[in-house]
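Peer 1: For reference, the file upload10.txt (compact mmCIF, C-alpha atoms and all ligand atoms) is included below:
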```
# COMPACT_ATOMS: atom_id res chain seq x y z
CA MET A 1 -81.52 -74.42 -44.84
CA ALA A 2 -77.79 -74.78 -45.21
CA VAL A 3 -76.47 -78.28 -44.64
CA ASN A 4 -74.21 -78.63 -41.62
CA LEU A 5 -70.98 -79.82 -43.19
CA GLY A 6 -69.20 -80.31 -39.87
CA TYR A 7 -65.42 -80.05 -40.09
CA LYS A 8 -65.62 -80.10 -43.89
CA GLU A 9 -66.99 -76.57 -43.78
CA TYR A 10 -63.54 -75.47 -42.58
CA PHE A 11 -61.23 -78.09 -44.05
CA LYS A 12 -60.15 -78.27 -47.69
CA SER A 13 -60.81 -81.95 -48.30
CA ASP A 14 -59.80 -81.53 -51.93
CA ALA A 15 -56.25 -80.63 -50.82
CA LEU A 16 -55.64 -84.12 -49.41
CA PRO A 17 -53.27 -85.88 -48.99
CA LEU A 18 -51.67 -83.71 -46.29
CA MET A 19 -48.01 -82.82 -46.83
CA TRP A 20 -46.91 -84.05 -43.38
CA CYS A 21 -44.98 -87.26 -42.64
CA ALA A 22 -46.65 -90.54 -41.69
CA GLY A 23 -47.41 -90.42 -37.97
CA CYS A 24 -47.04 -86.63 -37.65
CA GLY A 25 -49.84 -85.39 -35.40
CA ASN A 26 -50.35 -82.07 -37.19
CA GLY A 27 -53.38 -83.48 -39.02
CA ILE A 28 -54.87 -84.51 -35.67
CA ILE A 29 -54.61 -80.95 -34.33
CA LEU A 30 -56.04 -79.59 -37.56
CA ARG A 31 -58.99 -81.96 -37.30
CA ALA A 32 -59.60 -80.87 -33.69
CA ILE A 33 -59.55 -77.18 -34.69
CA THR A 34 -62.02 -77.71 -37.52
CA GLU A 35 -64.29 -79.82 -35.30
CA ALA A 36 -64.21 -77.16 -32.56
CA LEU A 37 -65.06 -74.37 -35.04
CA SER A 38 -67.90 -76.47 -36.38
CA ASP A 39 -69.30 -77.18 -32.90
CA LEU A 40 -69.21 -73.47 -32.11
CA HIS A 41 -70.86 -72.54 -35.44
CA ILE A 42 -68.29 -69.84 -36.12
CA PRO A 43 -68.69 -69.00 -39.81
CA PRO A 44 -65.47 -69.66 -41.80
CA HIS A 45 -65.40 -66.07 -43.09
CA GLN A 46 -65.13 -64.82 -39.50
CA VAL A 47 -61.97 -66.84 -38.84
CA VAL A 48 -58.40 -65.92 -39.73
CA ILE A 49 -55.67 -68.49 -39.37
CA SER A 50 -52.35 -66.70 -38.92
CA THR A 51 -49.23 -68.81 -39.37
CA GLY A 52 -45.49 -68.40 -39.48
CA ILE A 53 -43.05 -70.89 -40.99
CA GLY A 54 -42.51 -74.57 -40.27
CA CYS A 55 -44.32 -77.84 -40.79
CA TRP A 56 -47.21 -76.71 -38.56
CA GLY A 57 -47.02 -73.31 -40.22
CA LYS A 58 -48.28 -75.01 -43.40
CA ALA A 59 -51.61 -75.80 -41.73
CA ASP A 60 -53.36 -72.76 -43.19
CA ASP A 61 -53.02 -74.34 -46.65
CA TYR A 62 -55.77 -76.74 -45.65
CA MET A 63 -58.26 -74.27 -44.23
CA LYS A 64 -61.30 -72.79 -45.96
CA THR A 65 -61.23 -69.87 -43.52
CA HIS A 66 -59.23 -66.72 -44.16
CA ALA A 67 -55.52 -67.29 -43.79
CA PHE A 68 -52.45 -65.16 -43.39
CA HIS A 69 -49.20 -67.02 -43.97
CA GLY A 70 -46.60 -64.59 -42.68
CA SER A 71 -42.94 -64.82 -41.87
CA HIS A 72 -41.16 -67.05 -39.38
CA GLY A 73 -42.06 -66.24 -35.76
CA ARG A 74 -44.50 -63.47 -36.65
CA ALA A 75 -47.88 -65.22 -36.57
CA LEU A 76 -48.81 -63.31 -33.42
CA ALA A 77 -47.49 -59.97 -34.66
CA PHE A 78 -49.54 -60.16 -37.86
CA GLY A 79 -52.41 -61.71 -35.90
CA THR A 80 -52.41 -58.73 -33.53
CA GLY A 81 -52.69 -56.34 -36.47
CA ILE A 82 -55.52 -58.37 -37.96
CA LYS A 83 -57.41 -58.44 -34.67
CA LEU A 84 -57.01 -54.70 -34.08
CA GLY A 85 -58.00 -53.93 -37.65
CA ASN A 86 -61.18 -56.00 -37.40
CA PRO A 87 -62.00 -57.06 -33.83
CA ASP A 88 -65.00 -59.11 -34.98
CA LEU A 89 -62.69 -61.73 -36.47
CA HIS A 90 -61.56 -64.82 -34.58
CA VAL A 91 -57.79 -64.90 -34.94
CA ILE A 92 -56.07 -68.23 -34.47
CA ALA A 93 -52.27 -68.30 -34.53
CA LEU A 94 -50.75 -71.67 -35.38
CA MET A 95 -47.09 -71.97 -34.43
CA GLY A 96 -44.44 -74.62 -34.00
CA ASP A 97 -42.29 -74.57 -30.86
CA GLY A 98 -39.42 -72.97 -32.78
CA ASP A 99 -41.71 -70.50 -34.50
CA ALA A 100 -43.48 -69.43 -31.28
CA LEU A 101 -40.64 -69.55 -28.78
CA ALA A 102 -37.30 -69.16 -30.56
CA ILE A 103 -37.54 -66.64 -33.40
CA GLY A 104 -41.02 -65.54 -32.26
CA GLY A 105 -40.31 -65.62 -28.52
CA ASN A 106 -40.64 -61.89 -28.00
CA HIS A 107 -43.89 -61.65 -29.91
CA PHE A 108 -45.15 -64.51 -27.81
CA ILE A 109 -44.41 -63.03 -24.40
CA HIS A 110 -45.80 -59.64 -25.35
CA ALA A 111 -48.98 -60.99 -26.94
CA ALA A 112 -49.62 -62.81 -23.65
CA ARG A 113 -48.72 -59.75 -21.55
CA ARG A 114 -50.96 -57.53 -23.66
CA ASN A 115 -53.67 -60.17 -23.37
CA ILE A 116 -54.78 -59.65 -26.93
CA ASP A 117 -57.81 -61.75 -27.87
CA ILE A 118 -56.03 -64.35 -30.01
CA THR A 119 -56.06 -68.14 -29.74
CA ALA A 120 -52.53 -69.53 -30.03
CA ILE A 121 -52.20 -73.22 -30.77
CA ILE A 122 -48.64 -74.44 -30.45
CA SER A 123 -47.63 -77.78 -31.91
CA ASN A 124 -44.72 -78.74 -29.69
CA ASN A 125 -42.82 -81.56 -31.37
CA PHE A 126 -39.63 -80.76 -29.41
CA ASN A 127 -37.62 -79.75 -32.46
CA TYR A 128 -37.47 -77.83 -35.73
CA GLY A 129 -39.26 -80.32 -37.92
CA MET A 130 -39.21 -78.56 -41.26
CA THR A 131 -35.50 -77.77 -41.36
CA GLY A 132 -34.28 -81.21 -40.32
CA GLY A 133 -34.63 -81.76 -36.58
CA GLN A 134 -32.45 -79.09 -34.95
CA TYR A 135 -32.99 -78.46 -31.23
CA SER A 136 -35.54 -75.86 -30.22
CA PRO A 137 -36.37 -73.99 -26.99
CA THR A 138 -38.57 -76.90 -25.92
CA THR A 139 -36.24 -79.81 -26.66
CA PRO A 140 -35.96 -81.68 -23.36
CA LEU A 141 -32.56 -81.60 -21.64
CA SER A 142 -30.17 -84.28 -22.96
CA SER A 143 -32.31 -85.28 -25.96
CA SER A 144 -30.46 -85.96 -29.16
CA THR A 145 -31.11 -83.72 -32.16
CA THR A 146 -29.23 -83.03 -35.39
CA THR A 147 -27.55 -80.03 -33.73
CA SER A 148 -26.95 -81.83 -30.41
CA PRO A 149 -26.03 -85.39 -31.36
CA ALA A 150 -24.65 -86.06 -27.86
CA GLY A 151 -27.68 -84.49 -26.18
CA VAL A 152 -28.88 -80.93 -25.77
CA ALA A 153 -27.17 -79.24 -22.81
CA GLU A 154 -29.97 -76.79 -21.94
CA PRO A 155 -33.40 -77.42 -20.45
CA GLY A 156 -36.51 -76.62 -22.50
CA PHE A 157 -39.10 -73.99 -21.70
CA ASP A 158 -42.21 -74.85 -19.75
CA VAL A 159 -44.45 -73.21 -22.35
CA CYS A 160 -47.50 -73.16 -20.08
CA ALA A 161 -45.67 -71.64 -17.11
CA LEU A 162 -44.23 -69.01 -19.45
CA SER A 163 -47.68 -68.16 -20.81
CA GLU A 164 -49.12 -67.92 -17.31
CA THR A 165 -46.35 -65.63 -16.04
CA CYS A 166 -46.69 -63.37 -19.06
CA GLY A 167 -50.41 -62.95 -18.46
CA ALA A 168 -52.44 -65.27 -20.73
CA ASN A 169 -56.08 -65.69 -19.74
CA TYR A 170 -56.32 -69.33 -20.78
CA VAL A 171 -53.49 -71.87 -20.73
CA ALA A 172 -53.85 -75.59 -21.36
CA ARG A 173 -51.62 -78.49 -22.26
CA THR A 174 -52.62 -81.68 -23.98
CA THR A 175 -51.19 -84.02 -26.61
CA ALA A 176 -52.02 -85.27 -30.09
CA TYR A 177 -52.97 -88.57 -28.45
CA HIS A 178 -55.63 -87.07 -26.14
CA VAL A 179 -57.97 -86.11 -28.96
CA THR A 180 -61.18 -85.42 -27.07
CA GLN A 181 -59.34 -83.28 -24.54
CA LEU A 182 -57.61 -81.52 -27.43
CA LYS A 183 -60.91 -80.56 -29.01
CA ARG A 184 -62.32 -79.48 -25.64
CA PHE A 185 -59.37 -77.21 -24.84
CA ILE A 186 -59.37 -75.64 -28.31
CA THR A 187 -63.10 -74.97 -27.93
CA ALA A 188 -62.56 -73.31 -24.54
CA ALA A 189 -59.64 -71.30 -25.92
CA LEU A 190 -61.73 -70.05 -28.85
CA LEU A 191 -64.47 -68.90 -26.48
CA LYS A 192 -62.06 -67.15 -24.15
CA GLN A 193 -61.68 -63.41 -24.41
CA GLY A 194 -58.03 -62.43 -24.11
CA PHE A 195 -54.90 -64.37 -24.97
CA SER A 196 -55.37 -68.12 -24.90
CA MET A 197 -52.70 -70.72 -25.51
CA VAL A 198 -53.11 -74.45 -26.04
CA GLU A 199 -49.83 -76.35 -26.07
CA VAL A 200 -50.19 -79.61 -27.94
CA ILE A 201 -47.36 -82.05 -27.32
CA ASN A 202 -46.94 -83.60 -30.73
CA THR A 203 -45.23 -86.43 -32.54
CA CYS A 204 -42.27 -86.00 -34.88
CA PRO A 205 -41.38 -89.57 -35.78
CA THR A 206 -39.11 -88.41 -38.59
CA HIS A 207 -36.68 -86.37 -36.49
CA PHE A 208 -37.20 -86.29 -32.71
CA GLY A 209 -38.64 -89.80 -32.68
CA ARG A 210 -35.97 -91.37 -34.86
CA ARG A 211 -33.23 -90.09 -32.56
CA ASN A 212 -34.86 -90.51 -29.16
CA ILE A 213 -37.63 -93.07 -29.24
CA PRO A 214 -36.90 -96.58 -30.44
CA GLY A 215 -39.59 -98.03 -32.67
CA ASP A 216 -42.06 -96.67 -35.16
CA THR A 217 -44.84 -94.09 -35.49
CA VAL A 218 -46.94 -95.95 -32.91
CA SER A 219 -44.05 -95.87 -30.39
CA MET A 220 -43.79 -92.11 -30.90
CA MET A 221 -47.51 -91.71 -30.18
CA LYS A 222 -47.28 -93.95 -27.08
CA TYR A 223 -44.41 -91.76 -25.88
CA LEU A 224 -46.83 -88.81 -25.66
CA LYS A 225 -48.98 -90.88 -23.33
CA ASP A 226 -45.96 -91.98 -21.28
CA ILE A 227 -44.49 -88.54 -20.63
CA THR A 228 -47.75 -86.84 -19.64
CA VAL A 229 -49.90 -87.02 -16.54
CA SER A 230 -53.15 -85.31 -15.55
CA LYS A 231 -53.16 -82.54 -12.95
CA ALA A 232 -54.69 -84.88 -10.37
CA GLY A 233 -52.16 -87.60 -11.14
CA TYR A 234 -49.30 -85.12 -10.93
CA GLU A 235 -50.26 -83.99 -7.42
CA LYS A 236 -49.96 -87.57 -6.19
CA LEU A 237 -46.42 -88.03 -7.55
CA ASP A 238 -43.30 -87.91 -5.38
CA GLU A 239 -41.36 -84.69 -5.80
CA ALA A 240 -38.52 -86.58 -7.51
CA ASP A 241 -40.89 -88.09 -10.07
CA LYS A 242 -42.63 -84.83 -10.90
CA GLU A 243 -39.92 -83.57 -13.18
CA LYS A 244 -40.21 -86.67 -15.35
CA TYR A 245 -43.68 -85.69 -16.53
CA LEU A 246 -45.52 -82.93 -18.33
CA VAL A 247 -48.86 -82.02 -16.76
CA THR A 248 -51.90 -82.00 -19.02
CA GLY A 249 -55.07 -80.06 -18.30
CA GLU A 250 -56.45 -76.54 -18.07
CA LEU A 251 -53.70 -74.78 -16.12
CA VAL A 252 -54.97 -71.19 -16.22
CA ASN A 253 -58.50 -69.93 -16.75
CA ARG A 254 -58.95 -66.35 -15.64
CA GLU A 255 -60.69 -63.13 -16.64
CA ARG A 256 -58.02 -60.47 -16.84
CA PRO A 257 -59.43 -57.69 -19.08
CA ASP A 258 -58.17 -58.17 -22.61
CA TYR A 259 -56.25 -55.52 -24.51
CA LEU A 260 -59.14 -54.23 -26.60
CA SER A 261 -61.51 -53.82 -23.64
CA VAL A 262 -58.91 -51.77 -21.77
CA TYR A 263 -58.09 -49.75 -24.86
CA ARG A 264 -61.75 -48.97 -25.53
CA GLU A 265 -62.31 -47.87 -21.96
CA MET A 266 -59.45 -45.43 -22.28
CA ASN A 267 -60.55 -44.27 -25.73
CA PRO A 268 -64.35 -44.08 -25.54
CA GLY A 269 -64.45 -42.09 -28.77
CA GLY A 270 -62.91 -44.97 -30.69
CA PRO A 271 -59.57 -45.14 -32.49
CA GLU A 272 -60.32 -41.86 -34.34
CA THR A 273 -59.82 -39.87 -31.13
CA ASP A 274 -56.60 -41.69 -30.29
CA ARG A 275 -54.26 -39.49 -32.24
CA GLY A 276 -52.02 -38.42 -29.42
CA GLU A 277 -52.02 -35.07 -27.64
CA GLY A 278 -53.74 -32.14 -29.30
CA HIS A 279 -55.26 -34.34 -32.05
CA MET B 1 -72.73 -101.76 -31.02
CA ASN B 2 -74.62 -100.95 -27.87
CA LYS B 3 -77.73 -99.98 -29.81
CA THR B 4 -78.91 -103.03 -31.69
CA ASN B 5 -80.82 -101.17 -34.38
CA MET B 6 -77.72 -99.29 -35.47
CA ALA B 7 -74.69 -100.36 -37.44
CA VAL B 8 -71.56 -98.54 -38.47
CA THR B 9 -69.78 -98.36 -41.77
CA ILE B 10 -66.08 -97.58 -41.49
CA ARG B 11 -64.30 -96.33 -44.55
CA ILE B 12 -60.54 -96.05 -44.97
CA ASP B 13 -59.39 -93.80 -47.76
CA GLU B 14 -56.38 -95.68 -49.09
CA ALA B 15 -55.18 -92.74 -51.14
CA PHE B 16 -54.73 -90.57 -48.05
CA CYS B 17 -53.77 -93.19 -45.43
CA LYS B 18 -50.03 -93.15 -44.68
CA ARG B 19 -50.02 -96.42 -42.72
CA CYS B 20 -49.11 -94.80 -39.36
CA GLY B 21 -51.03 -97.57 -37.60
CA PHE B 22 -52.75 -95.33 -35.01
CA CYS B 23 -56.27 -96.56 -35.76
CA ILE B 24 -55.16 -100.18 -35.51
CA GLU B 25 -53.11 -99.76 -32.34
CA PHE B 26 -55.37 -97.47 -30.32
CA CYS B 27 -58.81 -98.92 -31.11
CA ASN B 28 -60.19 -100.10 -27.76
CA ALA B 29 -62.53 -102.54 -29.49
CA ASN B 30 -59.94 -104.15 -31.78
CA VAL B 31 -61.92 -103.39 -34.90
CA TYR B 32 -58.88 -103.08 -37.16
CA GLU B 33 -56.13 -105.29 -38.42
CA ALA B 34 -53.12 -104.42 -40.60
CA ASP B 35 -52.65 -105.94 -44.01
CA LYS B 36 -49.13 -106.92 -45.09
CA ASP B 37 -48.36 -103.31 -46.06
CA GLY B 38 -49.69 -101.80 -42.83
CA LEU B 39 -52.95 -100.61 -44.36
CA PRO B 40 -55.82 -100.87 -41.85
CA LEU B 41 -58.46 -103.43 -42.67
CA VAL B 42 -61.84 -103.22 -40.95
CA LYS B 43 -61.79 -106.73 -39.50
CA ASP B 44 -64.64 -106.63 -36.98
CA PRO B 45 -66.97 -103.68 -37.68
CA GLU B 46 -69.64 -105.18 -35.42
CA LYS B 47 -67.35 -104.62 -32.42
CA CYS B 48 -67.24 -100.88 -33.11
CA THR B 49 -68.68 -98.77 -30.28
CA ASN B 50 -68.86 -95.64 -32.46
CA CYS B 51 -66.48 -93.78 -30.14
CA ARG B 52 -64.96 -92.19 -33.26
CA LEU B 53 -61.54 -91.83 -31.65
CA CYS B 54 -59.99 -93.42 -34.75
CA GLU B 55 -61.52 -90.67 -36.86
CA LEU B 56 -60.21 -87.92 -34.59
CA ARG B 57 -56.82 -89.60 -34.16
CA CYS B 58 -56.21 -90.21 -37.86
CA PRO B 59 -53.62 -87.58 -38.88
CA ASP B 60 -54.66 -87.86 -42.52
CA PHE B 61 -58.46 -87.51 -42.46
CA ALA B 62 -58.56 -91.01 -43.95
CA VAL B 63 -60.98 -92.71 -41.54
CA SER B 64 -64.69 -92.09 -41.51
CA VAL B 65 -67.17 -93.81 -39.26
CA GLU B 66 -70.75 -93.55 -40.38
CA VAL B 67 -73.72 -94.69 -38.37
CA VAL B 68 -76.34 -96.48 -40.42
CA ASP B 69 -79.76 -96.62 -38.81
CA ASN B 70 -81.26 -99.99 -39.64
CA GLU B 71 -84.69 -99.19 -38.33
C1 LIG C 1 -36.30 -65.72 -40.78
C2 LIG C 1 -36.17 -67.18 -40.95
N1 LIG C 1 -35.22 -67.84 -40.25
C3 LIG C 1 -35.09 -69.19 -40.38
C4 LIG C 1 -35.89 -69.88 -41.23
C5 LIG C 1 -35.71 -71.38 -41.38
N2 LIG C 1 -36.75 -72.14 -40.73
C6 LIG C 1 -37.82 -72.59 -41.42
S1 LIG C 1 -38.87 -73.49 -40.47
C7 LIG C 1 -37.87 -73.32 -39.10
C8 LIG C 1 -38.18 -73.92 -37.77
C9 LIG C 1 -39.41 -74.77 -37.74
O1 LIG C 1 -39.57 -75.36 -36.48
P1 LIG C 1 -40.89 -75.21 -35.65
O2 LIG C 1 -41.31 -73.80 -35.57
O3 LIG C 1 -40.69 -75.91 -34.34
O4 LIG C 1 -42.02 -75.93 -36.53
P2 LIG C 1 -42.13 -77.44 -37.10
O5 LIG C 1 -41.51 -77.44 -38.46
O6 LIG C 1 -41.45 -78.37 -36.13
O7 LIG C 1 -43.62 -77.66 -37.16
C10 LIG C 1 -36.73 -72.55 -39.42
C11 LIG C 1 -35.66 -72.23 -38.46
C12 LIG C 1 -36.89 -69.16 -41.95
N3 LIG C 1 -37.75 -69.78 -42.77
N4 LIG C 1 -36.99 -67.82 -41.80
```
I'd like the structure from this file rewritten - as structure tokens, please.
Peer 2:
Amino acid sequence: MAVNLGYKEYFKSDALPLMWCAGCGNGIILRAITEALSDLHIPPHQVVISTGIGCWGKADDYMKTHAFHGSHGRALAFGTGIKLGNPDLHVIALMGDGDALAIGGNHFIHAARRNIDITAIISNNFNYGMTGGQYSPTTPLSSSTTTSPAGVAEPGFDVCALSETCGANYVARTTAYHVTQLKRFITAALLKQGFSMVEVINTCPTHFGRRNIPGDTVSMMKYLKDITVSKAGYEKLDEADKEKYLVTGELVNRERPDYLSVYREMNPGGPETDRGEGH
Amino acid sequence: MNKTNMAVTIRIDEAFCKRCGFCIEFCNANVYEADKDGLPLVKDPEKCTNCRLCELRCPDFAVSVEVVDNE
């Protein structure tokens, strides 16, 4: 009988220490992913981690699963190809907020619209961490960043609302602080057929934190608690207070047919018969 | 511990710990204390409830909580 190694079956313990800064929550998300995979008994050779570029994009370095480290913003594009090439694989796309929503924004909306069976896990640290803390499409209005020292003049995306509108089957938001919820949502996302997206509000003490949150790594982590509220808590808030918080919880959980099921129904003979008119 | 015949051993891997302080700050049972350099010391292991949140919330895979069955 094989020994159950738990998260160590998926995580390269011999690659420690992790390259991320002290107090960066990327390692927390990585732990939750490996724990979820272990709980679900998905063999490592049936998992492909697809990443783009950025601090979070380095996560595949630490995985014993298959990995595809592609180009910036393209984790979902490559992931889509991988999934279509071998539908038996579990494809997990790990993207930063810049990776997923700035340079990769178009891939993101169309992967959700197509409802391709991929699990997207976005580490939203409100800025471009790797390149020095520039503002991203999720930087909250008026926050200071290296490219907006006086405050960013545009509001950030609501990543979950965007995913829902585009058509994702599963959409959830949590934080690097809420670790049990994080693992639960990743587990549900992995089980979901169709496009699933877990937005993890994350710490970046080095850049976003240093400019916007007085204190240390612990203050940055407490900030994640302070700016989030559960769905039930959110409903009880006054309208004016609602915009001060990000809602955590499972926000969408539906069964729209995923891309491959629809494709197969239309092409019962398999991809071989799908050669266009006249074959 | 709520089960009297069990005890926990908490290990901190000093080589991987980056002194973020999360385990110390967010432990509901106040098991940890910081040394002068911010490294977590396991001050009161007997207060540990084995919730393992410190393990999951350690960004550096440096905390491990092991249950030792004393029976
Ligand atoms: C085509 C291309 N454009 C720009 C860059 C520079 N670049 C590297 S990482 C990055 C943004 C990273 O931010 P994010 O995706 O939010 O991830 P984080 O580092 O915060 O985890 C950028 C713009 C690049 N590597 N490739």
Peer 1: At a cut-off of 8 Å, list the chain B residues touching chain A, using only C-alpha atoms, as a ChimeraX atom specification.
Peer 2: /B:15-16,18-22,25,53,56-61
Peer 1: Using only C-alpha atoms, please write the residues we just selected to a file, as a compact mmCIF listing (two decimals), keeping the file's coordinate frame.
Peer 2:
```
# COMPACT_ATOMS: atom_id res chain seq x y z
CA ALA B 15 -55.18 -92.74 -51.14
CA PHE B 16 -54.73 -90.57 -48.05
CA LYS B 18 -50.03 -93.15 -44.68
CA ARG B 19 -50.02 -96.42 -42.72
CA CYS B 20 -49.11 -94.80 -39.36
CA GLY B 21 -51.03 -97.57 -37.60
CA PHE B 22 -52.75 -95.33 -35.01
CA GLU B 25 -53.11 -99.76 -32.34
CA LEU B 53 -61.54 -91.83 -31.65
CA LEU B 56 -60.21 -87.92 -34.59
CA ARG B 57 -56.82 -89.60 -34.16
CA CYS B 58 -56.21 -90.21 -37.86
CA PRO B 59 -53.62 -87.58 -38.88
CA ASP B 60 -54.66 -87.86 -42.52
CA PHE B 61 -58.46 -87.51 -42.46
```
Peer 1: Around (-71.5, -101.7, -33.2) in the file's own coordinates, what residues are found within 6 Å if you use only C-alpha atoms, given back as a PyMOL selection string?
Peer 2: chain B and resi 1+7+46-49
Peer 1: Which one is closest to Glu55 in chain B: A:Thr119, A:Tyr7, A:Pro155, A:Val252? Count only C-alpha atoms.
Peer 2: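 Among the listed residues, A:Tyr7 lies closest to Glu55 in chain B.
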Peer 1: If you count only C-alpha atoms, which residues fall within 7 Å of Ile49 in chain A, apart from same-chain ones fewer than 5 positions away, as a PyMOL selection string?
Peer 2: chain A and resi 60+66-68+91-93
Peer 1: Could you take the residues named above and write them with C-alpha atoms, as a CSV table (one decimal), in the coordinates of the input?
Peer 2:
```
chain,number,residue,atom,x,y,z
A,60,ASP,CA,-53.4,-72.8,-43.2
A,66,HIS,CA,-59.2,-66.7,-44.2
A,67,ALA,CA,-55.5,-67.3,-43.8
A,68,PHE,CA,-52.4,-65.2,-43.4
A,91,VAL,CA,-57.8,-64.9,-34.9
A,92,ILE,CA,-56.1,-68.2,-34.5
A,93,ALA,CA,-52.3,-68.3,-34.5
```
Peer 1: Which residue, B:Lys43, B:Asp37, B:Arg11, B:Val63, has the smallest gap to Cys23 in chain B when you use all atoms listed in the file?
Peer 2: B:Val63
Peer 1: Could you list, as a count of residues only, every residue within 9 Å of Lys192 in chain A, counting all atoms listed in the file and ignoring same-chain residues fewer than 2 positions away?
Peer 2: 14
Peer 1: Return as a list in words the residues of protein, DNA or RNA that approach ligand LIG 1 (chain C) to within 8 Å, with only C-alpha atoms and all ligand atoms taken into account.
Peer 2: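 Protein and nucleic-acid residues within 8 Å of ligand LIG 1 (chain C): Gly52, Ile53, Gly54, Cys55, Trp56, Gly57, Ser71, His72, Gly73, Met95, Gly96, Asp97, Gly98, Asp99, Ala100, Ala102, Ile103, Ser123, Asn124, Asn125, Phe126, Asn127, Tyr128, Gly129, Met130, Thr131, Gly133, Ser136 and Cys204 of chain A.
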Peer 1: At what distance in Å, to one decimal, does CA of Phe185 in chain A lie from CA of His41 in chain A?
Peer 2: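 We find that CA of His41 in chain A and CA of Phe185 in chain A lie 16.3 Å from each other.
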Peer 1: Could you tell me how far CA of Ser261 in chain A sits from CA of Ile122 in chain A, in Å to one decimal place?
Peer 2: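 Atom-to-atom, CA of Ile122 in chain A and CA of Ser261 in chain A are spaced 25.2 Å apart.
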Peer 1: Which residue is closest to Val229 in chain A? Choose from A:Thr80, A:Asn212, A:Thr206, A:Thr175 and count all atoms listed in the file.
Peer 2: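 Of the candidates, the smallest distance to Val229 in chain A is held by A:Thr175.
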Peer 1: Rounded to one decimal, what separation in Å do you get between CA of Gly38 in chain B and CA of Leu224 in chain A?
Peer 2: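 Result for CA of Gly38 in chain B versus CA of Leu224 in chain A: 21.7 Å, one decimal.
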Peer 1: So that I can see what lies close to Asn115 in chain A, please list as a list in words the residues with an atom at most 9 Å from it, counting only C-alpha atoms and leaving out residues fewer than 3 positions away in the same chain.
Peer 2: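 The neighbour list is His110, Ala111, Ala112, Ile118, Cys166, Gly167, Ala168, Asn169, Gln193, Gly194, Phe195, Ser196, Arg256, Pro257, Asp258, Tyr259 and Leu260 of chain A.
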Peer 1: Taking 4 positions as the minimum chain separation for residues in the same chain, which residues sit within 7 Å of Ile10 in chain B when counting all atoms listed in the file? Answer as a PDB file with C-alpha atoms, in the coordinates of the input.
Peer 2:
```pdb
ATOM      1  CA  SER B  64     -64.690 -92.090 -41.510  1.00  0.00           C
ATOM      2  CA  VAL B  65     -67.170 -93.810 -39.260  1.00  0.00           C
ATOM      3  CA  GLU B  66     -70.750 -93.550 -40.380  1.00  0.00           C
TER       4      GLU B  66
END
```
Peer 1: Nearest to Cys51 in chain B: which of B:Ile24, B:Met6, B:Ala34, B:Ala29 is it, counting all atoms listed in the file?
Peer 2: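 Smallest separation from Cys51 in chain B among the options: B:Ala29.
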Peer 1: Mind working out the centre and edge lengths of an axis-aligned box for range 55-66 of chain B, all listed atoms inside, 8 Å added to each side, rounded to one decimal in Å and written as lines of an AutoDock Vina configuration file?
Peer 2:
```
center_x = -62.2
center_y = -90.7
center_z = -39.1
size_x = 33.1
size_y = 22.3
size_z = 25.8
```
Peer 1: Measuring atom to atom with all atoms listed in the file, identify which of A:Gly215, A:Gly209, A:Gly79, A:Gly105 is nearest to Ser143 in chain A.
Peer 2: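 Of all the options, A:Gly209 lies closest to Ser143 in chain A.
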Peer 1: Using only C-alpha atoms for the distances, tell me which of A:Ala15, A:Gly132, A:His45, A:Lys225 is nearest to Phe26 in chain B.
Peer 2: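 The closest residue to Phe26 in chain B is A:Lys225.
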